[in-house]
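What follows is the content of protein.cif (mmCIF, C-alpha atoms).
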data_structure
#
loop_
_atom_site.group_PDB
_atom_site.id
_atom_site.type_symbol
_atom_site.label_atom_id
_atom_site.label_comp_id
_atom_site.auth_asym_id
_atom_site.auth_seq_id
_atom_site.Cartn_x
_atom_site.Cartn_y
_atom_site.Cartn_z
ATOM 1 C CA MET Q 1 107.348 112.322 81.837
ATOM 2 C CA SER Q 2 103.884 113.324 80.623
ATOM 3 C CA LEU Q 3 105.349 116.278 78.717
ATOM 4 C CA ILE Q 4 107.771 113.962 76.922
ATOM 5 C CA ALA Q 5 105.081 111.366 76.156
ATOM 6 C CA ARG Q 6 102.826 114.032 74.662
ATOM 7 C CA HIS Q 7 105.717 115.352 72.574
ATOM 8 C CA LEU Q 8 106.542 111.883 71.209
ATOM 9 C CA GLU Q 9 102.935 110.992 70.538
ATOM 10 C CA ALA Q 10 102.288 114.256 68.678
ATOM 11 C CA ALA Q 11 105.291 113.401 66.495
ATOM 12 C CA GLY Q 12 103.886 109.976 65.597
ATOM 13 C CA ILE Q 13 105.308 107.581 68.198
ATOM 14 C CA SER Q 14 102.749 105.754 70.343
ATOM 15 C CA THR Q 15 103.576 105.953 74.039
ATOM 16 C CA LEU Q 16 102.769 104.180 77.270
ATOM 17 C CA CYS Q 17 103.691 105.764 80.596
ATOM 18 C CA ILE Q 18 104.074 103.769 83.787
ATOM 19 C CA GLY Q 19 104.333 105.458 87.154
ATOM 20 C CA SER Q 20 103.667 105.135 90.871
ATOM 21 C CA ALA Q 21 102.328 108.638 91.586
ATOM 22 C CA ARG Q 22 98.747 108.514 90.387
ATOM 23 C CA ASP Q 23 98.024 112.183 90.999
ATOM 24 C CA ILE Q 24 101.078 113.319 89.003
ATOM 25 C CA LEU Q 25 100.130 111.004 86.122
ATOM 26 C CA ALA Q 26 96.537 112.236 86.187
ATOM 27 C CA ALA Q 27 97.611 115.893 86.121
ATOM 28 C CA GLY Q 28 99.941 115.352 83.161
ATOM 29 C CA GLN Q 29 97.377 113.446 81.082
ATOM 30 C CA PRO Q 30 99.772 111.425 78.943
ATOM 31 C CA PRO Q 31 98.109 109.561 76.043
ATOM 32 C CA ARG Q 32 98.241 106.137 77.780
ATOM 33 C CA ALA Q 33 99.213 105.550 81.401
ATOM 34 C CA VAL Q 34 99.435 102.698 83.857
ATOM 35 C CA PHE Q 35 99.539 103.230 87.617
ATOM 36 C CA VAL Q 36 101.440 100.858 89.906
ATOM 37 C CA ASP Q 37 100.468 101.417 93.551
ATOM 38 C CA TYR Q 38 103.964 100.807 94.949
ATOM 39 C CA PRO Q 39 106.308 103.095 96.912
ATOM 40 C CA LEU Q 40 108.162 105.501 94.603
ATOM 41 C CA GLY Q 41 111.305 103.959 93.156
ATOM 42 C CA HIS Q 42 109.730 100.559 92.412
ATOM 43 C CA THR Q 43 107.794 101.393 89.257
ATOM 44 C CA VAL Q 44 108.583 98.039 87.631
ATOM 45 C CA GLY Q 45 108.356 95.990 90.784
ATOM 46 C CA LYS Q 46 110.117 94.756 93.875
ATOM 47 C CA PRO Q 47 113.904 94.363 93.819
ATOM 48 C CA PHE Q 48 115.205 90.929 92.788
ATOM 49 C CA ASP Q 49 111.642 89.698 92.224
ATOM 50 C CA ALA Q 50 111.584 88.739 88.548
ATOM 51 C CA THR Q 51 108.061 87.358 88.858
ATOM 52 C CA ASP Q 52 106.661 90.614 90.222
ATOM 53 C CA GLN Q 53 108.622 92.683 87.698
ATOM 54 C CA GLY Q 54 107.562 90.507 84.764
ATOM 55 C CA ASN Q 55 103.967 90.621 85.909
ATOM 56 C CA ILE Q 56 103.958 94.433 86.021
ATOM 57 C CA LEU Q 57 105.716 94.752 82.664
ATOM 58 C CA GLU Q 58 103.395 92.348 80.905
ATOM 59 C CA GLY Q 59 100.352 93.829 82.647
ATOM 60 C CA ALA Q 60 101.352 97.307 81.533
ATOM 61 C CA LEU Q 61 102.256 96.414 77.948
ATOM 62 C CA SER Q 62 99.061 94.400 77.474
ATOM 63 C CA GLN Q 63 97.186 97.691 77.957
ATOM 64 C CA LEU Q 64 98.807 99.119 74.838
ATOM 65 C CA THR Q 65 96.538 97.302 72.439
ATOM 66 C CA THR Q 66 93.319 97.773 74.422
ATOM 67 C CA MET Q 67 93.457 101.502 75.169
ATOM 68 C CA THR Q 68 91.442 103.454 72.621
ATOM 69 C CA VAL Q 69 90.689 106.713 74.431
ATOM 70 C CA PRO Q 70 93.421 109.397 74.722
ATOM 71 C CA GLY Q 71 94.264 110.089 78.359
ATOM 72 C CA THR Q 72 93.324 106.634 79.659
ATOM 73 C CA LEU Q 73 94.875 105.851 83.071
ATOM 74 C CA VAL Q 74 94.626 102.224 84.218
ATOM 75 C CA SER Q 75 95.555 100.946 87.691
ATOM 76 C CA LEU Q 76 97.334 97.600 87.806
ATOM 77 C CA PRO Q 77 96.044 95.183 90.484
ATOM 78 C CA ASN Q 78 99.515 94.459 91.916
ATOM 79 C CA SER Q 79 99.800 94.922 95.681
ATOM 80 C CA TRP Q 80 102.976 95.802 97.584
ATOM 81 C CA GLY Q 81 101.817 93.648 100.511
ATOM 82 C CA SER Q 82 102.535 95.690 103.618
ATOM 83 C CA GLU Q 83 100.863 99.108 103.706
ATOM 84 C CA MET Q 84 103.298 100.683 106.173
ATOM 85 C CA TRP Q 85 104.952 102.784 103.461
ATOM 86 C CA ARG Q 86 101.872 104.890 102.768
ATOM 87 C CA GLU Q 87 102.113 106.932 105.952
ATOM 88 C CA GLU Q 88 105.716 107.962 105.325
ATOM 89 C CA ALA Q 89 105.002 108.661 101.660
ATOM 90 C CA SER Q 90 102.023 110.862 102.564
ATOM 91 C CA THR Q 91 103.574 112.942 105.321
ATOM 92 C CA SER Q 92 104.240 116.653 104.999
ATOM 93 C CA ASP Q 93 106.468 116.601 108.080
ATOM 94 C CA GLY Q 94 110.233 116.451 108.049
ATOM 95 C CA GLY Q 95 112.874 118.233 106.000
ATOM 96 C CA ASP Q 96 113.829 118.580 102.384
ATOM 97 C CA THR Q 97 114.488 115.100 100.958
ATOM 98 C CA ARG Q 98 116.003 116.406 97.719
ATOM 99 C CA GLN Q 99 119.703 116.621 96.999
ATOM 100 C CA ALA Q 100 121.245 120.057 96.405
ATOM 101 C CA ARG Q 101 120.634 121.473 92.930
ATOM 102 C CA ASP Q 102 124.295 121.095 92.059
ATOM 103 C CA SER Q 103 125.449 121.486 88.457
ATOM 104 C CA SER Q 104 128.313 118.981 88.649
ATOM 105 C CA PRO Q 105 127.713 115.309 87.723
ATOM 106 C CA GLN Q 106 126.479 113.305 90.719
ATOM 107 C CA PHE Q 107 128.060 109.871 90.301
ATOM 108 C CA GLN Q 108 126.560 106.921 92.147
ATOM 109 C CA TYR Q 109 130.005 105.636 93.145
ATOM 110 C CA PRO Q 110 133.359 107.473 93.310
ATOM 111 C CA ALA Q 111 134.782 104.882 90.889
ATOM 112 C CA ASP Q 112 132.202 105.944 88.272
ATOM 113 C CA ARG Q 113 133.930 109.325 88.114
ATOM 114 C CA LEU Q 114 137.250 107.699 87.219
ATOM 115 C CA ALA Q 115 135.551 105.479 84.627
ATOM 116 C CA ALA Q 116 133.954 108.551 83.024
ATOM 117 C CA ARG Q 117 137.351 110.280 82.921
ATOM 118 C CA ARG Q 118 138.847 107.286 81.152
ATOM 119 C CA THR Q 119 136.167 107.342 78.427
ATOM 120 C CA GLY Q 120 136.423 111.110 78.047
ATOM 121 C CA ALA Q 121 132.819 111.640 79.223
ATOM 122 C CA LEU Q 122 134.256 113.717 82.050
ATOM 123 C CA GLY Q 123 137.020 116.241 81.495
ATOM 124 C CA ALA Q 124 140.361 115.952 83.291
ATOM 125 C CA ASN Q 125 139.714 119.157 85.246
ATOM 126 C CA GLU Q 126 136.117 118.498 86.211
ATOM 127 C CA MET Z 127 91.291 96.747 92.598
ATOM 128 C CA PRO Z 128 93.468 98.811 94.973
ATOM 129 C CA MET Z 129 92.056 98.869 98.486
ATOM 130 C CA HIS Z 130 93.709 102.141 99.410
ATOM 131 C CA THR Z 131 93.458 105.686 98.187
ATOM 132 C CA PRO Z 132 96.635 106.377 96.199
ATOM 133 C CA VAL Z 133 99.160 108.628 97.963
ATOM 134 C CA GLN Z 134 98.581 112.317 97.161
ATOM 135 C CA TYR Z 135 102.164 113.257 96.378
ATOM 136 C CA MET Z 136 101.515 116.700 94.905
ATOM 137 C CA GLN Z 137 99.544 117.806 97.943
ATOM 138 C CA SER Z 138 101.895 116.411 100.588
ATOM 139 C CA ILE Z 139 105.090 117.618 98.873
ATOM 140 C CA THR Z 140 103.652 121.090 98.236
ATOM 141 C CA THR Z 141 102.575 121.379 101.887
ATOM 142 C CA ARG Z 142 106.015 120.242 103.044
ATOM 143 C CA TYR Z 143 107.923 122.769 100.968
ATOM 144 C CA LEU Z 144 105.596 125.638 101.823
ATOM 145 C CA ARG Z 145 106.139 124.847 105.504
ATOM 146 C CA LEU Z 146 109.909 124.867 104.929
ATOM 147 C CA GLY Z 147 109.625 128.198 103.117
ATOM 148 C CA TYR Z 148 110.445 126.935 99.607
ATOM 149 C CA THR Z 149 108.718 127.739 96.369
ATOM 150 C CA PRO Z 150 106.468 124.772 95.545
ATOM 151 C CA TYR Z 151 107.563 122.462 92.721
ATOM 152 C CA ARG Z 152 105.371 122.950 89.665
ATOM 153 C CA TRP Z 153 104.319 119.648 88.183
ATOM 154 C CA PHE Z 154 103.101 119.696 84.635
ATOM 155 C CA ALA Z 155 99.321 119.985 84.502
ATOM 156 C CA ALA Z 156 97.839 119.446 81.064
ATOM 157 C CA ASP Z 157 95.232 121.926 79.890
ATOM 158 C CA THR Z 158 94.625 120.278 76.527
ATOM 159 C CA PRO Z 159 93.641 116.696 75.643
ATOM 160 C CA PRO Z 160 96.596 114.420 74.899
ATOM 161 C CA PRO Z 161 97.626 113.742 71.297
ATOM 162 C CA TRP Z 162 96.977 110.265 69.960
ATOM 163 C CA GLN Z 163 98.949 108.025 67.634
ATOM 164 C CA PRO Z 164 96.890 104.845 67.109
ATOM 165 C CA LEU Z 165 98.803 101.608 67.496
ATOM 166 C CA THR Z 166 98.071 99.240 64.605
ATOM 167 C CA GLN Z 167 100.503 96.402 65.380
ATOM 168 C CA ARG Z 168 99.988 93.603 67.814
ATOM 169 C CA LEU Z 169 102.300 93.624 70.831
ATOM 170 C CA SER Z 170 104.110 90.620 69.351
ATOM 171 C CA GLU Z 171 104.960 92.789 66.316
ATOM 172 C CA VAL Z 172 105.961 95.944 68.175
ATOM 173 C CA ARG Z 173 109.529 97.242 68.237
ATOM 174 C CA LEU Z 174 109.665 98.893 71.647
ATOM 175 C CA GLY Z 175 111.784 101.809 72.784
ATOM 176 C CA LEU Z 176 112.339 102.503 76.470
ATOM 177 C CA ILE Z 177 112.826 105.763 78.352
ATOM 178 C CA SER Z 178 113.687 105.925 82.043
ATOM 179 C CA THR Z 179 113.238 109.289 83.762
ATOM 180 C CA ALA Z 180 115.218 108.059 86.793
ATOM 181 C CA GLY Z 181 118.603 109.358 85.627
ATOM 182 C CA ALA Z 182 119.970 105.985 84.548
ATOM 183 C CA TYR Z 183 123.494 105.953 83.148
ATOM 184 C CA VAL Z 184 126.143 103.356 82.333
ATOM 185 C CA LEU Z 185 129.524 102.987 83.998
ATOM 186 C CA GLY Z 186 131.855 105.140 81.876
ATOM 187 C CA GLN Z 187 129.162 107.702 81.059
ATOM 188 C CA ARG Z 188 128.721 111.104 82.629
ATOM 189 C CA ALA Z 189 126.278 111.055 85.542
ATOM 190 C CA TYR Z 190 123.417 113.551 85.591
ATOM 191 C CA HIS Z 191 123.649 116.731 87.592
ATOM 192 C CA TYR Z 192 120.801 118.050 89.695
ATOM 193 C CA ARG Z 193 120.359 121.593 88.427
ATOM 194 C CA ASP Z 194 117.899 121.155 85.552
ATOM 195 C CA ASP Z 195 120.041 118.621 83.676
ATOM 196 C CA ALA Z 196 118.051 118.383 80.434
ATOM 197 C CA SER Z 197 120.441 115.970 78.697
ATOM 198 C CA ILE Z 198 119.790 112.338 77.774
ATOM 199 C CA ARG Z 199 121.877 109.132 77.768
ATOM 200 C CA ALA Z 200 121.792 106.250 75.282
ATOM 201 C CA ILE Z 201 122.125 102.855 76.971
ATOM 202 C CA ASP Z 202 122.747 99.582 75.109
ATOM 203 C CA SER Z 203 119.777 97.333 75.841
ATOM 204 C CA ASP Z 204 122.110 94.421 76.587
ATOM 205 C CA THR Z 205 124.044 96.342 79.251
ATOM 206 C CA PRO Z 206 124.673 94.041 82.234
ATOM 207 C CA ALA Z 207 122.865 95.106 85.396
ATOM 208 C CA GLU Z 208 126.139 95.545 87.281
ATOM 209 C CA ASN Z 209 127.108 98.420 84.933
ATOM 210 C CA LEU Z 210 123.878 100.402 85.386
ATOM 211 C CA ARG Z 211 123.830 103.460 87.648
ATOM 212 C CA PHE Z 212 121.337 106.142 88.638
ATOM 213 C CA SER Z 213 121.623 109.838 89.468
ATOM 214 C CA HIS Z 214 118.429 111.750 90.210
ATOM 215 C CA ILE Z 215 117.812 114.749 92.471
ATOM 216 C CA THR Z 216 115.596 112.616 94.737
ATOM 217 C CA GLU Z 217 118.243 109.998 95.510
ATOM 218 C CA ASN Z 218 116.102 108.741 98.386
ATOM 219 C CA TYR Z 219 113.923 106.977 95.799
ATOM 220 C CA LEU Z 220 116.903 105.233 94.158
ATOM 221 C CA VAL Z 221 117.735 102.868 97.010
ATOM 222 C CA ALA Z 222 116.094 99.808 95.422
ATOM 223 C CA ALA Z 223 117.205 100.506 91.835
ATOM 224 C CA ARG Z 224 120.805 101.003 92.906
ATOM 225 C CA GLN Z 225 120.675 97.389 94.118
ATOM 226 C CA ASP Z 226 118.459 95.998 91.368
ATOM 227 C CA PRO Z 227 118.329 98.370 88.360
ATOM 228 C CA ALA Z 228 115.370 96.409 86.957
ATOM 229 C CA CYS Z 229 113.103 98.216 89.452
ATOM 230 C CA LEU Z 230 113.379 101.300 87.226
ATOM 231 C CA LEU Z 231 115.123 100.148 84.025
ATOM 232 C CA PRO Z 232 113.553 96.802 83.055
ATOM 233 C CA LEU Z 233 116.056 95.614 80.453
ATOM 234 C CA SER Z 234 116.109 91.978 81.557
ATOM 235 C CA GLY Z 235 112.325 91.854 81.907
ATOM 236 C CA LEU Z 236 111.771 93.252 78.427
ATOM 237 C CA ARG Z 237 114.334 90.872 76.945
ATOM 238 C CA THR Z 238 112.422 87.999 78.552
ATOM 239 C CA LEU Z 239 109.160 89.180 76.967
ATOM 240 C CA VAL Z 240 110.893 89.290 73.565
ATOM 241 C CA ARG Z 241 112.276 85.763 74.072
ATOM 242 C CA ARG Z 242 108.792 84.522 74.950
ATOM 243 C CA GLY Z 243 107.359 86.143 71.835
ATOM 244 C CA VAL Z 244 105.027 88.411 73.846
ATOM 245 C CA LEU Z 245 106.849 91.517 72.609
ATOM 246 C CA GLY Z 246 108.209 91.873 69.071
ATOM 247 C CA ALA Z 247 111.579 93.469 69.766
ATOM 248 C CA LEU Z 248 113.424 95.828 72.068
ATOM 249 C CA SER Z 249 115.475 98.578 70.409
ATOM 250 C CA LYS Z 250 119.285 98.228 70.465
ATOM 251 C CA LYS Z 251 119.564 101.425 72.482
ATOM 252 C CA VAL Z 252 117.255 102.630 75.220
ATOM 253 C CA PHE Z 253 117.329 106.103 76.760
ATOM 254 C CA SER Z 254 117.219 108.005 79.994
ATOM 255 C CA CYS Z 255 116.808 111.503 81.332
ATOM 256 C CA MET Z 256 116.781 113.016 84.830
ATOM 257 C CA GLY Z 257 113.115 113.638 85.552
ATOM 258 C CA GLY Z 258 113.620 116.287 88.246
ATOM 259 C CA ILE Z 259 113.850 119.231 85.848
ATOM 260 C CA TYR Z 260 112.242 122.400 87.187
ATOM 261 C CA SER Z 261 111.993 124.122 83.795
ATOM 262 C CA GLN Z 262 109.111 122.769 81.720
ATOM 263 C CA ARG Z 263 110.358 124.926 78.856
ATOM 264 C CA ARG Z 264 113.669 123.093 78.823
ATOM 265 C CA VAL Z 265 111.922 119.702 78.879
ATOM 266 C CA GLN Z 266 109.901 120.786 75.849
ATOM 267 C CA THR Z 267 112.717 122.413 73.905
ATOM 268 C CA GLU Z 268 115.675 120.181 74.845
ATOM 269 C CA THR Z 269 114.880 116.838 76.492
ATOM 270 C CA ALA Z 270 111.764 115.811 74.546
ATOM 271 C CA PRO Z 271 113.147 116.674 71.064
ATOM 272 C CA ALA Z 272 116.411 114.846 71.865
ATOM 273 C CA LEU Z 273 114.498 111.748 72.937
ATOM 274 C CA LEU Z 274 112.297 111.932 69.831
ATOM 275 C CA ALA Z 275 115.329 112.040 67.533
ATOM 276 C CA ALA Z 276 116.950 109.177 69.452
ATOM 277 C CA LEU Z 277 113.830 106.992 69.240
ATOM 278 C CA ARG Z 278 113.393 107.736 65.543
ATOM 279 C CA ALA Z 279 116.968 106.606 64.916
ATOM 280 C CA GLU Z 280 116.038 103.329 66.642
ATOM 281 C CA ALA Z 281 112.914 103.007 64.434
ATOM 282 C CA VAL Z 282 110.628 102.159 67.351
ATOM 283 C CA ASP Z 283 106.862 101.745 67.039
ATOM 284 C CA VAL Z 284 106.160 102.441 70.692
ATOM 285 C CA ALA Z 285 107.970 104.144 73.562
ATOM 286 C CA LEU Z 286 107.529 102.836 77.105
ATOM 287 C CA LEU Z 287 108.248 105.624 79.593
ATOM 288 C CA VAL Z 288 109.101 104.517 83.121
ATOM 289 C CA ALA Z 289 108.829 107.160 85.830
ATOM 290 C CA MET Z 290 110.912 107.034 88.961
#
Before anything else, please render the file you have as structure tokens.
Amino acid sequence: MSLIARHLEAAGISTLCIGSARDILAAGQPPRAVFVDYPLGHTVGKPFDATDQGNILEGALSQLTTMTVPGTLVSLPNSWGSEMWREEASTSDGGDTRQARDSSPQFQYPADRLAARRTGALGANE
Amino acid sequence: MPMHTPVQYMQSITTRYLRLGYTPYRWFAADTPPPWQPLTQRLSEVRLGLISTAGAYVLGQRAYHYRDDASIRAIDSDTPAENLRFSHITENYLVAARQDPACLLPLSGLRTLVRRGVLGALSKKVFSCMGGIYSQRRVQTETAPALLAALRAEAVDVALLVAM
């Protein structure tokens, strides 16, 4: 994400990155970044919680007009509530949590494959 | 202020994969200061573009694959939530967004901010890519230029990039 933000910014588009891995954001040094201290996968808030999501979005976007130093990384004050997730997120135990590096499209649902065939996005023999 | 030290993902993931005998993932580490395009408009005047790196796609589109898929998808910003999908190599982080896409692709939230006059406008099309690309060269030569061209066609003032 930081690579893309830097590319866009260098080409004249202002950018704001929002992420939940502070160390990865810090390493990439995008022009403007906001950190949300939530478990990965909830960058814009808790599921089905429009208040939390709106709060994060507005909190992040409000930073756009106040950041003046390239590479600024601001932490939002939002709290997940329970802290149980941190231990699992921090562990180096366990196996590989990634999917296989397969080069065929990985549809969320089997029906998505049929829908993509109908639009021509997926070939008949794929 | 956060009461806890943020999770050290790079350290814990690197340790895990070394223990399993895999080559560590190489996250991008900047060695130059970031570029800077000053923002002159107020937020209420900004036409915002959106990029999700979580592999978002729409029902009917081709899903992402997991072997350095450097392609992008254009998504209508009024796409109903029930037609939004996600494919990303770390599917374990997609559990929430596959139930409520707004966790990673905040279309409804941004539309609300536009309605309230907080944000000027949201572009007609927003964009996605699959952030788990191992080749930084391909991100720089394929994904980033494609997203730049797409955002320029939407005439956005600002791009909001949402990581998974």
Distance of atom CA of Gly59 of chain Q from atom CA of Ala247 of chain Z, expressed in Å to one decimal place:
17.1 Å
For a test of reading the model, state the distance in Å between atom CA of Gly123 of chain Q and atom CA of Leu176 of chain Z, rounded to one decimal.
28.7 Å
Report as a count of residues only all protein, DNA and RNA residues lying within 12 Å of Gly81 of chain Q, evaluated on all atoms listed in the file, omitting residues in the same chain fewer than 2 positions from it.
16
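Remark: for Leu8 of chain Q, the closest of the candidate residues Z:Ile139, Z:Leu233, Z:Leu273, Z:Val240 is Z:Leu273 (distances computed over only C-alpha atoms).
Taking atom CA of Arg152 of chain Z as the reference point, atom CA of Tyr192 of chain Z is found at 16.2 Å.
For the file shown, the residue list from the PyMOL selection byres ((chain Q and resi 115) around 12) reads Phe107, Gln108, Tyr109, Pro110, Ala111, Asp112, Arg113, Leu114, Ala116, Arg117, Arg118, Thr119, Gly120, Ala121, Leu122, Gly123 and Ala124 of chain Q; Val184, Leu185, Gly186, Gln187, Arg188, Ala189 and Asn209 of chain Z.
Comparing the minimum interatomic distances between Ala89 of chain Q and each of Q:Ser20, Q:Asn55, Q:Thr43, Q:Gln106, counting only C-alpha atoms, we find that Q:Ser20 sits nearest.
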Report as JSON the centre and the edge lengths, in Å to one decimal, of the axis-aligned box holding every listed atom of segment 231-247 of chain Z, padded by 5 Å on each side.
{"center_x": 110.6, "center_y": 92.3, "center_z": 76.5, "size_x": 21.1, "size_y": 25.6, "size_z": 25.0}
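Minimum atom-to-atom distances from Q:Val74, Q:Ala33, Q:Val69, Q:Ile18 to chain Z were compared using only C-alpha atoms, and the lowest value belongs to Q:Ile18.
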For segment 70-73 of chain Q, work out the shell of residues within 12 Å, counting all atoms listed in the file and skipping chain neighbours fewer than 3 positions away, then give it as a PyMOL selection string.
(chain Q and resi 2+5-6+9-10+14-36+60+63-64+66-67+76) or (chain Z and resi 156-165)
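Put simply, the PyMOL selection byres ((chain Z and resi 201) around 8) on this file hits Tyr183, Val184, Arg199, Ala200, Asp202, Ser203, Thr205, Lys251, Val252, Phe253 and Ser254 of chain Z.
Of the residues under consideration (Z:Leu286, Z:Leu174, Z:Glu280, Z:Ala207), Z:Leu286 shows the shortest atom-to-atom contact distance to chain Q when counting all atoms listed in the file.
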Given only C-alpha atoms as the basis, pick out the residue of Z:Arg193, Z:Gly181, Z:Thr238, Z:Leu245 nearest to chain Q.
Z:Arg193
Z:Leu287, Z:Pro150, Z:Thr140, Z:Ala180: which is nearest chain Q, counting only C-alpha atoms?
Z:Leu287
I'd like the neighbourhood of Pro271 of chain Z as a short mmCIF file (atom, residue, chain, number, x, y, z; two decimals) with C-alpha atoms, in the frame of the given file, where a residue qualifies if any of its atoms comes within 9 Å (using only C-alpha atoms), though same-chain residues fewer than 4 positions away should be ignored.
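selection22.cif, freshly written:
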data_model
loop_
_atom_site.label_atom_id
_atom_site.label_comp_id
_atom_site.auth_asym_id
_atom_site.auth_seq_id
_atom_site.Cartn_x
_atom_site.Cartn_y
_atom_site.Cartn_z
CA ILE Q 4 107.77 113.96 76.92
CA HIS Q 7 105.72 115.35 72.57
CA LEU Q 8 106.54 111.88 71.21
CA VAL Z 265 111.92 119.70 78.88
CA GLN Z 266 109.90 120.79 75.85
CA THR Z 267 112.72 122.41 73.90
CA ALA Z 275 115.33 112.04 67.53
CA ALA Z 276 116.95 109.18 69.45
#
Exercise: Ser138 of chain Z partners within 9 Å, only C-alpha atoms, chain neighbours under 2 positions left out, as a list in words:
Ala89, Ser90, Thr91, Ser92 and Asp93 of chain Q; Val133, Gln134, Tyr135, Met136, Thr140, Thr141, Arg142 and Tyr143 of chain Z
Tell me, as a PyMOL selection string, which residues lie within 9 Å of Gly54 of chain Q, counting all atoms listed in the file; anything in the same chain fewer than 6 positions away does not count.
(chain Q and resi 44-45) or (chain Z and resi 232+235-236+238-239)
Name the residues that the PyMOL selection byres ((chain Z and resi 281) around 9) picks from the file above, as a PyMOL selection string, using the file's chain letters and numbers.
chain Z and resi 173-175+249+276-280+282-283
